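Enquirer: Dropping in entry-v1.cif, with mmCIF, C-alpha atoms.
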```cif
data_run
loop_
_atom_site.label_atom_id
_atom_site.label_comp_id
_atom_site.auth_asym_id
_atom_site.auth_seq_id
_atom_site.Cartn_x
_atom_site.Cartn_y
_atom_site.Cartn_z
CA MET D 1 40.96 -10.31 -38.43
CA VAL D 2 39.39 -7.43 -40.37
CA LYS D 3 36.06 -9.29 -40.47
CA ILE D 4 36.04 -9.69 -36.66
CA LYS D 5 36.81 -5.99 -36.32
CA TYR D 6 33.81 -5.05 -38.49
CA LEU D 7 31.63 -7.55 -36.64
CA LEU D 8 32.56 -6.01 -33.26
CA ILE D 9 31.87 -2.49 -34.55
CA GLY D 10 28.51 -3.69 -35.89
CA VAL D 11 27.55 -5.26 -32.54
CA LEU D 12 28.63 -2.07 -30.73
CA ILE D 13 26.48 0.10 -33.03
CA VAL D 14 23.47 -2.15 -32.44
CA ILE D 15 23.95 -2.00 -28.64
CA ILE D 16 24.31 1.82 -28.72
CA GLY D 17 21.17 2.01 -30.92
CA ILE D 18 19.13 -0.12 -28.49
CA LEU D 19 20.34 1.92 -25.50
CA ALA D 20 19.52 5.20 -27.28
CA ALA D 21 16.05 3.91 -28.17
CA VAL D 22 15.40 2.90 -24.54
CA ILE D 23 16.71 6.20 -23.17
CA PHE D 24 15.29 8.65 -25.70
CA PHE D 25 12.05 6.87 -26.56
CA PRO D 26 10.76 5.56 -23.22
CA ASN D 27 7.82 3.19 -23.38
CA GLU D 28 4.37 4.25 -22.25
CA GLU D 29 4.72 2.57 -18.86
CA LYS D 30 7.80 4.66 -18.10
CA ARG D 31 6.03 7.82 -19.21
CA VAL D 32 3.10 7.05 -16.89
CA LYS D 33 5.51 6.37 -14.00
CA LYS D 34 7.21 9.70 -14.72
CA GLN D 35 3.91 11.53 -14.08
CA PHE D 36 3.71 9.92 -10.65
CA ASN D 37 7.31 10.92 -9.93
CA LEU D 38 6.49 14.51 -10.86
CA LEU D 39 3.36 14.51 -8.71
CA SER D 40 5.37 13.14 -5.80
CA GLU D 41 8.09 15.79 -6.31
CA TRP D 42 5.66 18.71 -6.59
CA VAL D 43 3.42 17.74 -3.68
CA SER D 44 6.38 17.18 -1.35
CA LYS D 45 7.46 20.16 0.69
CA SER D 46 10.64 21.01 2.55
CA PRO D 47 10.65 23.30 5.61
CA GLU D 48 12.75 25.86 3.70
CA GLU D 49 10.33 26.21 0.78
CA ASN D 50 9.89 29.84 -0.27
CA THR D 51 6.81 31.53 -1.77
CA PHE D 52 8.22 31.47 -5.30
CA THR D 53 8.76 27.68 -5.18
CA LEU D 54 5.31 27.23 -3.65
CA LEU D 55 3.60 29.14 -6.46
CA GLN D 56 5.70 27.39 -9.10
CA ARG D 57 4.77 23.97 -7.71
CA MET D 58 1.08 24.86 -7.47
CA LYS D 59 1.18 25.88 -11.12
CA ASN D 60 3.12 22.77 -12.13
CA ILE D 61 0.72 20.40 -10.38
CA GLY D 62 -2.17 21.65 -12.49
CA THR D 63 -0.34 20.60 -15.65
CA LEU D 64 -0.45 16.95 -14.54
CA PHE D 65 -4.25 16.83 -14.53
CA ASP D 66 -6.87 16.56 -17.23
CA GLU D 67 -9.17 19.57 -17.67
CA HIS D 68 -11.67 17.78 -15.47
CA CYS D 69 -10.49 15.18 -13.00
CA GLU D 70 -12.71 12.88 -10.99
CA LEU D 71 -11.61 12.68 -7.33
CA LYS D 72 -12.92 10.25 -4.73
CA VAL D 73 -11.37 10.64 -1.30
CA PRO D 74 -13.88 9.35 1.28
CA ASP D 75 -11.80 10.41 4.34
CA GLN D 76 -11.75 14.05 3.21
CA SER D 77 -15.33 14.08 1.87
CA LEU D 78 -13.79 15.02 -1.46
CA SER D 79 -15.83 13.59 -4.22
CA GLY D 80 -16.70 14.82 -7.69
CA SER D 81 -15.25 16.39 -10.78
CA TYR D 82 -12.70 19.15 -10.31
CA THR D 83 -10.95 21.41 -12.81
CA ARG D 84 -7.15 21.53 -12.82
CA GLU D 85 -7.32 25.08 -11.36
CA GLU D 86 -9.49 23.84 -8.48
CA ILE D 87 -7.07 20.97 -7.85
CA SER D 88 -4.08 23.36 -7.82
CA THR D 89 -5.86 25.67 -5.37
CA TYR D 90 -6.98 22.79 -3.14
CA GLU D 91 -3.49 21.31 -3.20
CA GLY D 92 -1.92 24.69 -2.32
CA SER D 93 -4.34 25.15 0.55
CA ALA D 94 -3.70 21.59 1.83
CA ARG D 95 0.08 22.09 1.64
CA SER D 96 -0.15 25.28 3.68
CA HIS D 97 -1.22 23.18 6.68
CA PHE D 98 2.11 21.36 6.64
CA SER D 99 5.63 22.55 7.34
CA GLN D 100 7.08 19.41 5.78
CA LEU D 101 5.58 16.85 3.41
CA ASP D 102 6.87 13.82 1.60
CA LEU D 103 4.69 11.90 -0.84
CA LYS D 104 5.94 8.58 -2.15
CA PHE D 105 4.36 6.03 -4.48
CA TYR D 106 5.07 2.29 -4.34
CA ASP D 107 3.98 -0.94 -6.05
CA LEU D 108 2.71 0.71 -9.22
CA HIS D 109 0.70 -1.77 -11.27
CA ILE D 110 -0.04 -0.32 -14.69
CA VAL D 111 -2.46 -1.72 -17.26
CA PHE D 112 -3.69 -0.23 -20.52
CA PRO D 113 -7.35 -1.31 -20.81
CA GLU D 114 -7.80 0.64 -24.04
CA MET D 115 -5.81 2.87 -26.37
CA GLU D 116 -4.47 6.00 -24.65
CA VAL D 117 -5.91 5.03 -21.25
CA ALA D 118 -3.79 3.78 -18.35
CA LYS D 119 -5.21 2.33 -15.15
CA VAL D 120 -2.79 2.34 -12.24
CA THR D 121 -3.16 0.69 -8.83
CA LEU D 122 -0.57 1.80 -6.32
CA THR D 123 0.31 2.44 -2.72
CA SER D 124 0.80 6.05 -1.64
CA ARG D 125 2.50 7.11 1.55
CA LEU D 126 2.30 10.64 2.88
CA THR D 127 4.60 11.55 5.74
CA GLY D 128 5.35 14.92 7.26
CA LYS D 129 4.73 17.43 9.97
CA SER D 130 1.77 19.77 10.28
CA THR D 131 2.27 23.46 11.09
CA ALA D 132 0.94 22.60 14.58
CA GLY D 133 3.86 20.18 14.98
CA GLU D 134 1.81 17.00 14.60
CA GLN D 135 3.46 14.05 12.80
CA VAL D 136 1.58 12.68 9.80
CA ASP D 137 2.02 9.19 8.39
CA GLU D 138 -0.78 7.98 6.12
CA THR D 139 -0.72 5.06 3.71
CA ARG D 140 -3.49 4.37 1.22
CA GLU D 141 -4.16 2.28 -1.87
CA LEU D 142 -5.06 4.41 -4.88
CA GLU D 143 -6.68 3.63 -8.20
CA CYS D 144 -5.87 6.18 -10.87
CA VAL D 145 -6.87 6.59 -14.48
CA LEU D 146 -4.62 8.59 -16.81
CA ARG D 147 -5.52 9.60 -20.34
CA LYS D 148 -3.10 10.44 -23.10
CA ILE D 149 -4.00 13.88 -24.36
CA GLU D 150 -1.77 15.67 -26.86
CA ASN D 151 0.95 13.13 -26.21
CA LYS D 152 0.91 13.74 -22.45
CA TRP D 153 -0.40 11.34 -19.79
CA LEU D 154 -2.79 13.32 -17.57
CA PHE D 155 -4.60 12.25 -14.40
CA SER D 156 -8.32 12.03 -15.10
CA GLN D 157 -9.43 10.00 -12.10
CA ILE D 158 -8.00 9.39 -8.62
CA GLU D 159 -9.77 7.21 -6.11
CA VAL D 160 -8.70 6.27 -2.61
CA VAL D 161 -9.67 2.61 -2.17
CA GLU D 162 -11.96 2.13 0.81
CA VAL D 163 -10.71 -1.17 2.25
CA LEU D 164 -12.85 -1.14 5.39
CA LYS D 165 -16.37 0.17 5.06
CA LYS D 166 -18.00 1.01 8.38
CA MET B 167 44.26 -29.66 13.86
CA ALA B 168 41.41 -31.71 12.37
CA VAL B 169 38.89 -29.82 14.56
CA ASN B 170 40.36 -26.51 13.42
CA ASN B 171 39.99 -27.57 9.82
CA LYS B 172 36.37 -28.58 10.39
CA ILE B 173 35.57 -25.21 12.03
CA ARG B 174 37.30 -23.35 9.22
CA GLN B 175 35.44 -25.46 6.66
CA PHE B 176 32.12 -24.70 8.42
CA PHE B 177 32.57 -20.92 8.46
CA PHE B 178 34.59 -20.56 5.26
CA PRO B 179 33.50 -23.45 3.02
CA SER B 180 35.21 -24.09 -0.28
CA LEU B 181 33.22 -22.79 -3.20
CA THR B 182 32.63 -26.15 -4.84
CA PRO B 183 29.78 -26.57 -7.39
CA LYS B 184 27.94 -28.79 -4.89
CA PHE B 185 28.12 -26.10 -2.23
CA LEU B 186 26.96 -23.37 -4.64
CA ILE B 187 23.95 -25.48 -5.72
CA ARG B 188 23.04 -26.05 -2.06
CA VAL B 189 23.29 -22.34 -1.25
CA SER B 190 21.19 -21.42 -4.31
CA LEU B 191 18.48 -23.91 -3.34
CA VAL B 192 18.36 -22.63 0.24
CA ALA B 193 18.17 -19.01 -1.02
CA LEU B 194 15.39 -19.88 -3.48
CA PHE B 195 13.41 -21.74 -0.84
CA ALA B 196 13.80 -18.86 1.65
CA TYR B 197 12.73 -16.32 -1.01
CA LEU B 198 9.59 -18.28 -1.90
CA PHE B 199 8.72 -19.25 1.67
CA PHE B 200 9.19 -15.84 3.30
CA GLY B 201 8.09 -13.88 0.23
CA TYR B 202 4.83 -15.70 -0.52
CA LEU B 203 3.85 -18.22 2.16
CA CYS B 204 4.99 -16.95 5.51
CA ILE B 205 5.48 -13.20 5.21
CA PRO B 206 7.31 -11.46 8.07
CA PHE B 207 5.82 -8.20 9.31
CA THR B 208 6.14 -5.71 12.14
CA ILE B 209 3.10 -4.39 13.97
CA GLN B 210 2.65 -0.64 13.90
CA GLY B 211 -0.13 0.89 15.93
CA ILE B 212 -2.19 -0.01 18.95
CA SER B 213 -5.49 -1.12 17.43
CA MET B 214 -4.98 -4.79 18.47
CA GLU B 215 -3.75 -4.10 22.02
CA PRO B 216 -3.44 -5.98 24.33
CA THR B 217 -3.46 -9.07 22.06
CA TYR B 218 -0.72 -7.69 19.77
CA HIS B 219 1.63 -4.91 20.80
CA HIS B 220 3.06 -2.05 18.79
CA GLY B 221 6.54 -2.97 17.52
CA GLY B 222 5.91 -6.72 17.70
CA VAL B 223 7.20 -9.05 14.99
CA ASN B 224 5.10 -11.81 13.48
CA PHE B 225 4.58 -13.83 10.29
CA CYS B 226 1.50 -13.90 8.06
CA TRP B 227 0.65 -17.54 7.25
CA ARG B 228 -1.00 -17.38 3.85
CA LEU B 229 -2.25 -20.96 3.55
CA ARG B 230 -4.60 -20.79 6.54
CA TYR B 231 -7.70 -20.17 4.43
CA LEU B 232 -6.76 -22.28 1.45
CA PHE B 233 -9.52 -24.81 2.18
CA SER B 234 -11.63 -22.93 4.73
CA GLU B 235 -13.22 -19.57 5.41
CA PRO B 236 -12.40 -17.09 8.19
CA LYS B 237 -14.47 -17.78 11.29
CA GLY B 238 -15.73 -15.46 14.02
CA HIS B 239 -13.02 -14.35 16.51
CA ASP B 240 -10.18 -15.28 14.10
CA VAL B 241 -7.43 -12.67 13.85
CA VAL B 242 -6.72 -11.99 10.18
CA ALA B 243 -4.33 -9.88 8.12
CA VAL B 244 -6.27 -7.69 5.69
CA ARG B 245 -4.41 -6.36 2.65
CA PHE B 246 -4.63 -2.58 3.02
CA ALA B 247 -2.38 -1.22 0.28
CA GLY B 248 -0.14 -2.92 -2.26
CA SER B 249 1.23 -6.24 -1.11
CA LYS B 250 3.17 -4.96 1.89
CA VAL B 251 0.74 -2.98 4.02
CA MET B 252 -1.68 -5.11 6.03
CA LEU B 253 -4.10 -4.48 8.86
CA LEU B 254 -4.35 -6.94 11.72
CA LYS B 255 -8.00 -7.26 12.77
CA ARG B 256 -10.43 -9.65 14.40
CA VAL B 257 -13.38 -11.15 12.51
CA VAL B 258 -16.62 -10.37 14.35
CA ALA B 259 -19.28 -11.11 11.73
CA GLN B 260 -19.76 -13.05 8.50
CA GLU B 261 -21.58 -12.18 5.30
CA GLY B 262 -25.32 -11.68 5.74
CA GLU B 263 -25.04 -11.09 9.49
CA GLN B 264 -26.08 -7.87 11.15
CA VAL B 265 -23.49 -6.02 13.26
CA GLU B 266 -24.20 -3.42 15.88
CA PHE B 267 -22.46 -1.76 18.83
CA ARG B 268 -24.51 -0.66 21.85
CA ASP B 269 -22.66 1.08 24.68
CA GLY B 270 -19.47 -0.68 23.66
CA LYS B 271 -21.04 -4.14 23.45
CA LEU B 272 -21.01 -6.06 20.18
CA PHE B 273 -24.29 -7.48 18.90
CA VAL B 274 -24.46 -9.85 15.94
CA ASP B 275 -27.95 -10.55 14.59
CA GLY B 276 -29.32 -8.96 17.75
CA LYS B 277 -27.42 -11.28 20.11
CA GLU B 278 -24.75 -9.94 22.44
CA ILE B 279 -21.35 -11.47 21.73
CA GLU B 280 -18.91 -12.15 24.53
CA GLU B 281 -15.46 -10.88 23.68
CA PRO B 282 -12.88 -11.92 26.27
CA TYR B 283 -10.08 -10.39 24.16
CA VAL B 284 -11.47 -6.84 24.59
CA ARG B 285 -9.84 -5.64 27.81
CA TYR B 286 -10.14 -1.86 27.59
CA PRO B 287 -13.36 0.07 28.24
CA CYS B 288 -15.42 0.80 25.15
CA THR B 289 -18.41 3.11 24.70
CA TRP B 290 -19.01 2.70 20.97
CA ASN B 291 -22.45 2.99 19.46
CA LEU B 292 -23.00 1.93 15.87
CA SER B 293 -26.36 1.47 14.23
CA PRO B 294 -27.12 -2.01 12.83
CA ARG B 295 -25.68 -2.79 9.39
CA GLN B 296 -25.65 -5.94 7.32
CA VAL B 297 -22.41 -7.46 6.08
CA GLU B 298 -22.48 -7.67 2.27
CA LYS B 299 -21.89 -10.77 0.19
CA ASP B 300 -18.27 -12.02 0.02
CA CYS B 301 -17.30 -9.75 2.89
CA ILE B 302 -16.51 -10.11 6.58
CA TYR B 303 -16.70 -7.55 9.35
CA VAL B 304 -13.44 -6.91 11.19
CA VAL B 305 -12.62 -4.82 14.27
CA GLY B 306 -9.49 -4.31 16.38
CA ASP B 307 -9.36 -5.49 20.00
CA ASN B 308 -8.50 -2.04 21.35
CA ARG B 309 -11.70 -0.03 21.31
CA SER B 310 -10.70 2.51 23.92
CA MET B 311 -10.48 5.29 21.33
CA PRO B 312 -13.54 6.95 19.67
CA ASN B 313 -14.76 4.77 16.80
CA GLU B 314 -14.00 7.57 14.30
CA ASN B 315 -10.29 7.07 15.07
CA HIS B 316 -10.33 3.29 14.69
CA TYR B 317 -10.05 1.51 11.33
CA PHE B 318 -12.74 -1.15 11.28
CA GLY B 319 -15.59 -2.30 9.10
CA GLN B 320 -16.50 -4.58 6.28
CA ALA B 321 -13.66 -5.98 4.18
CA SER B 322 -13.82 -8.05 1.02
CA LYS B 323 -12.79 -11.68 1.60
CA SER B 324 -10.43 -11.36 -1.36
CA ARG B 325 -8.34 -8.97 0.75
CA ILE B 326 -7.70 -11.51 3.51
CA MET B 327 -4.01 -12.37 3.28
CA GLY B 328 -3.84 -14.94 6.06
CA VAL B 329 -3.39 -15.17 9.80
CA PRO B 330 -0.56 -14.24 12.18
CA LEU B 331 1.48 -17.30 13.16
CA TRP B 332 1.14 -16.59 16.89
#
```
The structure in this file should be written as structure tokens.

Expert:
Amino acid sequence: MVKIKYLLIGVLIVIIGILAAVIFFPNEEKRVKKQFNLLSEWVSKSPEENTFTLLQRMKNIGTLFDEHCELKVPDQSLSGSYTREEISTYEGSARSHFSQLDLKFYDLHIVFPEMEVAKVTLTSRLTGKSTAGEQVDETRELECVLRKIENKWLFSQIEVVEVLKK
Amino acid sequence: MAVNNKIRQFFFPSLTPKFLIRVSLVALFAYLFFGYLCIPFTIQGISMEPTYHHGGVNFCWRLRYLFSEPKGHDVVAVRFAGSKVMLLKRVVAQEGEQVEFRDGKLFVDGKEIEEPYVRYPCTWNLSPRQVEKDCIYVVGDNRSMPNENHYFGQASKSRIMGVPLW
């Protein structure tokens, strides 16, 4: 009886240990996904957003990017290397054209082609309302590269996949 | 009484092992069939009017091009983002062919192509361009809007998901 009791306690400790390891030491894939969740949260905008939140989010977004990030967005003629400050400013200016924005990411497919580099293919969906009252609903496939710098996964390349080339 | 029992048995069957196995097999078959072979989708947008209407429901038959290649005038589903977002378009040219629009008329390799499925007036002009290797050129049937507002162009054959069932 005593032996069974010790065995059960042992099993319980092992289960708690595994759960703690999963929760407190997330694997790299989870950490990469977290960056996308943060990007989605900080780009999204509610109609009640005040100036303080706006500035805070603009500042926060910059922290998700590498010092220089390669952007390729054919629809917006946005192509080249941008600093995180430029991205924050561009993002702030783009957000000001919308009264409401919701950015969501789906179907994230993450691979690690080399050490400290993650390549992610995903679907992004941007919905919202422009300040002119126009409804926006855009879906695109993205290819992103994130690099692990000082233990943080940072966006170093974002490309909108051009499915149909005129 | 016997009829009542049969009806009750039909709607509320006893959970026998045989019944559970049958239900599991049906569920597995449905998951594989509708998840990978015959994918249901709803049509959003008017780019294939009047052939396909906004809000219509259809199925994407994935085995259509298992042993053949898409042909001219076929309607195909092109994978646009992830595995769930597809574009419904019509094939107008194959790899190596030259596509051009002159006053709304389609020319392939310099020859005017008759398109009975295009019912709305079109005034598009597009300079000649050659379809690259392993690609096809796809366009929607509704060309009443300016060509800048219509998704069309060259798509990689690897992005062809299949054809609509009807």

Enquirer: If you apply the PyMOL selection byres ((chain D) within 12 of (chain B)) to this file, what residues do you get, as an MDAnalysis selection string?

Expert: chainID D and resid 75 105:109 120:125 137:143 160:166

Enquirer: Starting from the shown file, work through the PyMOL selection byres ((chain B and resi 289) around 9) and note down what comes out as a ChimeraX atom specification.

Expert: /B:267-271,287-288,290-291,309-313

Enquirer: Got a sec: who's within 9 Å of D:Lys45, counting only C-alpha atoms, leaving out chain neighbours fewer than 4 positions off, as a list in words?

Expert: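 Contacts, with the query itself left out: Glu41, Glu49, Leu54, Arg95, Phe98, Ser99, Gln100, Leu101, Asp102, Leu103 and Gly128 of chain D.
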
Enquirer: Would you kindly translate the PyMOL selection byres ((chain B and resi 294) around 7) into the concrete residues it picks from this file, as a PDB file with C-alpha atoms, in the coordinates of the input?

Expert:
```pdb
ATOM      1  CA  GLN B 264     -26.080  -7.870  11.150  1.00  0.00           C
ATOM      2  CA  VAL B 265     -23.490  -6.020  13.260  1.00  0.00           C
ATOM      3  CA  GLU B 266     -24.200  -3.420  15.880  1.00  0.00           C
ATOM      4  CA  LEU B 292     -23.000   1.930  15.870  1.00  0.00           C
ATOM      5  CA  SER B 293     -26.360   1.470  14.230  1.00  0.00           C
ATOM      6  CA  ARG B 295     -25.680  -2.790   9.390  1.00  0.00           C
ATOM      7  CA  GLN B 296     -25.650  -5.940   7.320  1.00  0.00           C
TER       8      GLN B 296
END
```

Enquirer: Grab the atom CA of B:Asp240 to atom CA of B:Gly201 distance for me, in Å with one decimal place.

Expert: 23.0 Å

Enquirer: One number please: atom CA of D:Thr53 to atom CA of D:Arg31, in Å, one decimal.

Expert: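 Separation of atom CA of D:Thr53 and atom CA of D:Arg31: 24.5 Å.
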
Enquirer: Just the number, please: distance in Å from atom CA of D:Glu70 to atom CA of D:Ser156, one decimal.

Expert: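 One can read the atom CA of D:Glu70 to atom CA of D:Ser156 distance as 6.1 Å.
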
Enquirer: Residues at most 6 Å from stretch 205-211 of chain B, counting all atoms listed in the file, excluding those fewer than 5 positions away in the same chain, as a ChimeraX atom specification?

Expert: /B:200,220-226
